[in-house]
Structure formats: structure tokens, C-alpha cells
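Notes follow the structure.
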Amino acid sequence: MLRGFRKLRIETERMTLRPPVHSDFRAWTALRAHSKEYLTSWEPSWAKDHLTRKAFTNRVYWAQRSVSGGTALPLFLIRREDDALLGAITLDNIRRGPAQAGTLGYWTGAPFARRGYMREAITALVHHAFTQLDLSRIEAACLPENAASRGLLETSGFKYEGVAQSYLQIDGRWRTHVLYAALRSDRRGKTGAG
């Protein structure tokens with residue numbers, strides 16, 4: 001189980017995307033704590049133990065199970081020049097069968113925001129999902145007022161699809177989200193039937 005998990009790497013121009021490991025705890029906790037005010041407006045409420053070693057250990061075990069079970073691809077963004085943790089991106093809720101789809105989520109630490117890192121990560125992960133995982137659709141959602149995230153999705157090839165009322169609890173409240181999707185270009189409108 002761990003061999004495939006440890007080998008999972010997606011390389012971009014400036015980063016290595018890889019699953020979290022136990023030794024990432026201090027860097028993750030420091031970045032999340034430093035970025036708390038920046039992140040909490042856009043995320044589900046943090047549990048009281050969010051920044052504890054136990055919670056992080058559970059996160060690593062969840063990542064291992066998810067990768068080995070093919071249900072999610074949780075990846076940390078590691079800048080190669082200095083091994084700095086920049087944020088994370090997850091392809092979650094991977095559905096097989098007729099859907100061949102997954103849901104994208106991401107966060108960037110405040111010091112690394114608006115430097116193109118997440119666009120680079122999204123481009124690489126979507127390419128991996130379409131070419132290596134054989135998915136046809138990647139979905140994403142964000143708050144309507146999150147102009148930075150909407151712009152990021154739109155410049156990363158995602159198209160606006162609509163609105164989902166009371167979609168997720170963000171910062172302790174049910175919030176409406178705007179929905180986006182990226183489609184694998186060679187499958188638009190095509191099926192193997194007929």
C-alpha cells in the first residue's frame with residue numbers, strides 16, 4: 001500500500017506535488033497557523049484539534065487509504081528550490097463507472113498566494129487526472145465572492161456551470177457556491193455506445 005503512495009509524484013515547473021507524510025507536520029502546522037485569518041473565510045470551520053499532531057497523523061492515514069483505494073488524491077505543493085510547503089490540492093470524491101469524475105479542492109498559504117503556484121498545480125493535476133486516471137470531468141466549487149478562486153478556475157480551463165444553494169458549511173454557516181467543471185476535450189459528447 002505505501003509503496004505506490006510514496007512513489008506518487010506529479011512534477012510541475014517549480015513544484016513537486018506529493019501526498020503528505022508524517023514529517024510534514026511542523027511545516028503544515030506552521031503554514032496553517034500563519035495563514036489562519038487568510039483561510040478561514042473560505043474553509044469549513046476548523047476543529048479544536050485542527051493543528052495537533054494527532055489530527056495531522058489522521059490526515060496522513062486518510063491520504064494513504066484514499067490513494068490506495070483510488071477515492072482521492074490529496075497532494076502537498078512542495079517548492080523544489082527550498083522544499084517549502086506552499087499549500088495543498090486534493091482531487092476527492094473520485095467516481096468511476098459512467099461518471100469518471102472527481103472534485104477539486106485546494107488552499108495556498110498566505111505567503112505564497114497570487115504567485116501562480118496553484119494555477120501550476122491545478123494544470124498538472126487535471127492533466128494527470130485525464131491522462132493517468134482516465135477521468136472525464138473535474139468539478140470545483142467556490143464562494144461567489146471569492147474572486148481570486150473564480151479567476152483561478154477560469155484561467156485554468158474550468159467553465160462556470162451554475163449555482164448550488166447551501167452547498168457547504170464554510171466558517172460555520174451553510175453557504176451557496178458557484179460550480180465549475182473542466183472536461184476532457186477528447187470525450188466531449190462522445191461515448192463508446194452505438
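Labels for the C-alpha cells follow display order: chains A, B, ..., residues from 1 in each chain, ligands from 1.
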
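Once Asn93 in chain A and its same-chain neighbours fewer than 3 positions away are set aside, Ser66, Gly70, Thr71, Ala72, Leu73, Thr90, Arg96, Ala101, Gly102, Thr103, Leu104 and Glu139 of chain A remain within 10 Å of it when counting only C-alpha atoms.
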
With only C-alpha atoms counted and 10 Å as the cut-off, give the residues of range 56-89 of chain A in contact with range 29-50 of chain A, each with its shortest interatomic distance in Å and the pair that gives it, as JSON lines.
```
{"residue": "A:Phe56", "atom": "CA", "partner": "A:His50", "partner_atom": "CA", "distance": 7.7}
{"residue": "A:Ala84", "atom": "CA", "partner": "A:Leu31", "partner_atom": "CA", "distance": 9.8}
{"residue": "A:Leu85", "atom": "CA", "partner": "A:Leu31", "partner_atom": "CA", "distance": 7.7}
{"residue": "A:Leu86", "atom": "CA", "partner": "A:Leu31", "partner_atom": "CA", "distance": 7.9}
{"residue": "A:Gly87", "atom": "CA", "partner": "A:Leu31", "partner_atom": "CA", "distance": 8.1}
```

Taking C-alpha atoms for each residue, export the selection above as an mmCIF file, in the first residue's frame.
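Written file, part33.cif:
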```
data_model
loop_
_atom_site.group_PDB
_atom_site.id
_atom_site.type_symbol
_atom_site.label_atom_id
_atom_site.label_comp_id
_atom_site.auth_asym_id
_atom_site.auth_seq_id
_atom_site.Cartn_x
_atom_site.Cartn_y
_atom_site.Cartn_z
ATOM 1 C CA PHE A 56 -2.300 15.597 11.211
ATOM 2 C CA ALA A 84 8.907 24.771 1.246
ATOM 3 C CA LEU A 85 5.314 23.629 1.738
ATOM 4 C CA LEU A 86 3.140 26.097 -0.207
ATOM 5 C CA GLY A 87 -0.342 24.609 0.212
#
```

DSSP on the backbone: which residues in chain A end up as alpha helix (DSSP H)? Give the answer as a ChimeraX atom specification. /A:2-7,25-34,36-39,53-69,117-131,147-155

Between A:His127, A:Arg137, A:His177, A:Arg9, which residue has the minimum interatomic distance to Pro74 in chain A, considering only C-alpha atoms? A:Arg9

Excluding Ala63 in chain A and residues on its chain fewer than 5 positions from it, collect all residues at most 9 Å away from it, counting only C-alpha atoms, and give them as a list in words.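 That gives Phe5, Pro19, Pro20, Val21, Asn58, Ser68, Ala72, Leu73, Pro74 and Leu75 of chain A.
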
Extract, using only C-alpha atoms, all DNA, RNA and protein residues at most 9 Å from Tyr117 in chain A, discarding same-chain residues fewer than 6 positions from it, and format them as JSON, numbers by chain. {"A": [14, 15, 77, 79, 86, 87, 108]}

Separation of CA of Ala140 in chain A and CA of Leu179 in chain A, in Å?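 Between CA of Ala140 in chain A and CA of Leu179 in chain A the gap works out to 6.0 Å.
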
Hey, could you make a per-residue contact list for range 5-65 of chain A against range 122-126 of chain A with 12 Å as the cut-off, showing the nearest pair of atoms and its distance in Å to one decimal, counting only C-alpha atoms, sorted by chain and number, as a tab-separated table?
```
residue	atom	partner	partner_atom	distance
A:Leu8	CA	A:Leu125	CA	11.8
A:Arg9	CA	A:Leu125	CA	10.4
A:Ile10	CA	A:Ala124	CA	7.1
A:Glu11	CA	A:Ala124	CA	7.6
A:Thr12	CA	A:Ala124	CA	6.5
A:Glu13	CA	A:Ala124	CA	9.6
A:Arg14	CA	A:Ala124	CA	11.3
A:Met15	CA	A:Ala124	CA	10.1
A:Thr16	CA	A:Ala124	CA	10.1
A:Leu17	CA	A:Leu125	CA	8.5
A:Arg18	CA	A:Leu125	CA	10.7
```

Measuring atom to atom with only C-alpha atoms, identify which of A:Arg184, A:Ala147, A:Phe25, A:Ser136 is nearest to Lys54 in chain A.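 Residue with the minimum atom-to-atom distance to Lys54 in chain A: A:Phe25.
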
Given only C-alpha atoms as the basis, pick out the residue of A:Thr57, A:Gly151, A:Asp134, A:Tyr167 nearest to Arg114 in chain A. A:Gly151

Nearest to Ile138 in chain A, chosen from A:Asp171, A:Asp92, A:Glu120, A:Asp82, with only C-alpha atoms counted in the distances: A:Asp92

Of A:Lys7, A:Arg119, A:Arg53, A:Arg173, the one sitting nearest Asp24 in chain A when using only C-alpha atoms is A:Arg53

Which of range 8-105 of chain A counts as strand (DSSP E) under DSSP, as a PDB file with N, CA and C atoms, in the first residue's frame please?
```pdb
ATOM      1  N   ILE A  10       3.820  14.220  -8.867  1.00  0.00           N
ATOM      2  CA  ILE A  10       3.482  14.959 -10.078  1.00  0.00           C
ATOM      3  C   ILE A  10       4.413  16.158 -10.095  1.00  0.00           C
ATOM      4  N   GLU A  11       5.216  16.265 -11.128  1.00  0.00           N
ATOM      5  CA  GLU A  11       6.192  17.345 -11.231  1.00  0.00           C
ATOM      6  C   GLU A  11       5.632  18.487 -12.075  1.00  0.00           C
ATOM      7  N   MET A  15       7.427  22.897  -8.774  1.00  0.00           N
ATOM      8  CA  MET A  15       6.996  22.144  -7.599  1.00  0.00           C
ATOM      9  C   MET A  15       6.953  20.644  -7.838  1.00  0.00           C
ATOM     10  N   THR A  16       6.927  19.932  -6.711  1.00  0.00           N
ATOM     11  CA  THR A  16       6.581  18.518  -6.692  1.00  0.00           C
ATOM     12  C   THR A  16       5.277  18.407  -5.915  1.00  0.00           C
ATOM     13  N   LEU A  17       4.279  17.788  -6.530  1.00  0.00           N
ATOM     14  CA  LEU A  17       3.018  17.516  -5.840  1.00  0.00           C
ATOM     15  C   LEU A  17       3.115  16.083  -5.342  1.00  0.00           C
ATOM     16  N   ARG A  18       2.941  15.898  -4.028  1.00  0.00           N
ATOM     17  CA  ARG A  18       3.055  14.564  -3.441  1.00  0.00           C
ATOM     18  C   ARG A  18       2.148  14.460  -2.228  1.00  0.00           C
ATOM     19  N   LEU A  73      -6.949  11.905  -4.260  1.00  0.00           N
ATOM     20  CA  LEU A  73      -5.530  12.189  -4.476  1.00  0.00           C
ATOM     21  C   LEU A  73      -5.196  13.469  -3.704  1.00  0.00           C
ATOM     22  N   PRO A  74      -4.888  13.343  -2.398  1.00  0.00           N
ATOM     23  CA  PRO A  74      -4.512  14.517  -1.614  1.00  0.00           C
ATOM     24  C   PRO A  74      -3.016  14.772  -1.746  1.00  0.00           C
ATOM     25  N   LEU A  75      -2.657  15.973  -2.200  1.00  0.00           N
ATOM     26  CA  LEU A  75      -1.263  16.274  -2.503  1.00  0.00           C
ATOM     27  C   LEU A  75      -0.828  17.596  -1.876  1.00  0.00           C
ATOM     28  N   PHE A  76       0.390  17.617  -1.376  1.00  0.00           N
ATOM     29  CA  PHE A  76       1.003  18.847  -0.893  1.00  0.00           C
ATOM     30  C   PHE A  76       1.798  19.473  -2.029  1.00  0.00           C
ATOM     31  N   LEU A  77       1.845  20.792  -2.055  1.00  0.00           N
ATOM     32  CA  LEU A  77       2.638  21.536  -3.031  1.00  0.00           C
ATOM     33  C   LEU A  77       3.980  21.845  -2.383  1.00  0.00           C
ATOM     34  N   ILE A  78       5.039  21.232  -2.880  1.00  0.00           N
ATOM     35  CA  ILE A  78       6.380  21.406  -2.334  1.00  0.00           C
ATOM     36  C   ILE A  78       7.235  22.127  -3.371  1.00  0.00           C
ATOM     37  N   ARG A  79       7.727  23.308  -3.021  1.00  0.00           N
ATOM     38  CA  ARG A  79       8.588  24.066  -3.935  1.00  0.00           C
ATOM     39  C   ARG A  79       9.958  23.392  -3.964  1.00  0.00           C
ATOM     40  N   ALA A  84       9.944  24.091   0.467  1.00  0.00           N
ATOM     41  CA  ALA A  84       8.907  24.771   1.246  1.00  0.00           C
ATOM     42  C   ALA A  84       7.531  24.210   0.900  1.00  0.00           C
ATOM     43  N   LEU A  85       6.712  24.001   1.926  1.00  0.00           N
ATOM     44  CA  LEU A  85       5.314  23.629   1.738  1.00  0.00           C
ATOM     45  C   LEU A  85       4.545  24.903   1.412  1.00  0.00           C
ATOM     46  N   LEU A  86       3.850  24.909   0.264  1.00  0.00           N
ATOM     47  CA  LEU A  86       3.140  26.097  -0.207  1.00  0.00           C
ATOM     48  C   LEU A  86       1.639  26.026   0.019  1.00  0.00           C
ATOM     49  N   GLY A  87       1.096  24.802   0.095  1.00  0.00           N
ATOM     50  CA  GLY A  87      -0.342  24.609   0.212  1.00  0.00           C
ATOM     51  C   GLY A  87      -0.668  23.174  -0.124  1.00  0.00           C
ATOM     52  N   ALA A  88      -1.911  22.936  -0.504  1.00  0.00           N
ATOM     53  CA  ALA A  88      -2.341  21.576  -0.830  1.00  0.00           C
ATOM     54  C   ALA A  88      -3.433  21.617  -1.890  1.00  0.00           C
ATOM     55  N   ILE A  89      -3.531  20.522  -2.612  1.00  0.00           N
ATOM     56  CA  ILE A  89      -4.581  20.349  -3.620  1.00  0.00           C
ATOM     57  C   ILE A  89      -5.070  18.910  -3.509  1.00  0.00           C
ATOM     58  N   THR A  90      -6.369  18.715  -3.601  1.00  0.00           N
ATOM     59  CA  THR A  90      -6.941  17.375  -3.474  1.00  0.00           C
ATOM     60  C   THR A  90      -7.942  17.133  -4.586  1.00  0.00           C
ATOM     61  N   LEU A  91      -7.790  16.009  -5.243  1.00  0.00           N
ATOM     62  CA  LEU A  91      -8.818  15.502  -6.144  1.00  0.00           C
ATOM     63  C   LEU A  91      -9.561  14.457  -5.332  1.00  0.00           C
ATOM     64  N   ASP A  92     -10.768  14.783  -4.910  1.00  0.00           N
ATOM     65  CA  ASP A  92     -11.525  13.958  -3.965  1.00  0.00           C
ATOM     66  C   ASP A  92     -12.786  13.419  -4.647  1.00  0.00           C
ATOM     67  N   ASN A  93     -13.448  12.545  -3.929  1.00  0.00           N
ATOM     68  CA  ASN A  93     -14.730  12.018  -4.405  1.00  0.00           C
ATOM     69  C   ASN A  93     -14.604  11.480  -5.824  1.00  0.00           C
ATOM     70  N   ILE A  94     -13.537  10.721  -6.084  1.00  0.00           N
ATOM     71  CA  ILE A  94     -13.327  10.144  -7.416  1.00  0.00           C
ATOM     72  C   ILE A  94     -14.389   9.076  -7.655  1.00  0.00           C
ATOM     73  N   ARG A  95     -15.146   9.260  -8.722  1.00  0.00           N
ATOM     74  CA  ARG A  95     -16.232   8.353  -9.075  1.00  0.00           C
ATOM     75  C   ARG A  95     -15.906   7.657 -10.386  1.00  0.00           C
ATOM     76  N   ALA A 101     -15.399  10.912 -12.774  1.00  0.00           N
ATOM     77  CA  ALA A 101     -15.284  12.297 -12.345  1.00  0.00           C
ATOM     78  C   ALA A 101     -14.644  12.404 -10.970  1.00  0.00           C
ATOM     79  N   GLY A 102     -14.239  13.609 -10.622  1.00  0.00           N
ATOM     80  CA  GLY A 102     -13.708  13.896  -9.304  1.00  0.00           C
ATOM     81  C   GLY A 102     -13.927  15.366  -8.973  1.00  0.00           C
ATOM     82  N   THR A 103     -13.728  15.695  -7.698  1.00  0.00           N
ATOM     83  CA  THR A 103     -13.954  17.049  -7.209  1.00  0.00           C
ATOM     84  C   THR A 103     -12.637  17.644  -6.725  1.00  0.00           C
ATOM     85  N   LEU A 104     -12.348  18.845  -7.173  1.00  0.00           N
ATOM     86  CA  LEU A 104     -11.096  19.525  -6.854  1.00  0.00           C
ATOM     87  C   LEU A 104     -11.271  20.479  -5.675  1.00  0.00           C
ATOM     88  N   GLY A 105     -10.305  20.441  -4.762  1.00  0.00           N
ATOM     89  CA  GLY A 105     -10.251  21.393  -3.662  1.00  0.00           C
ATOM     90  C   GLY A 105      -8.806  21.815  -3.468  1.00  0.00           C
TER      91      GLY A 105
END
```
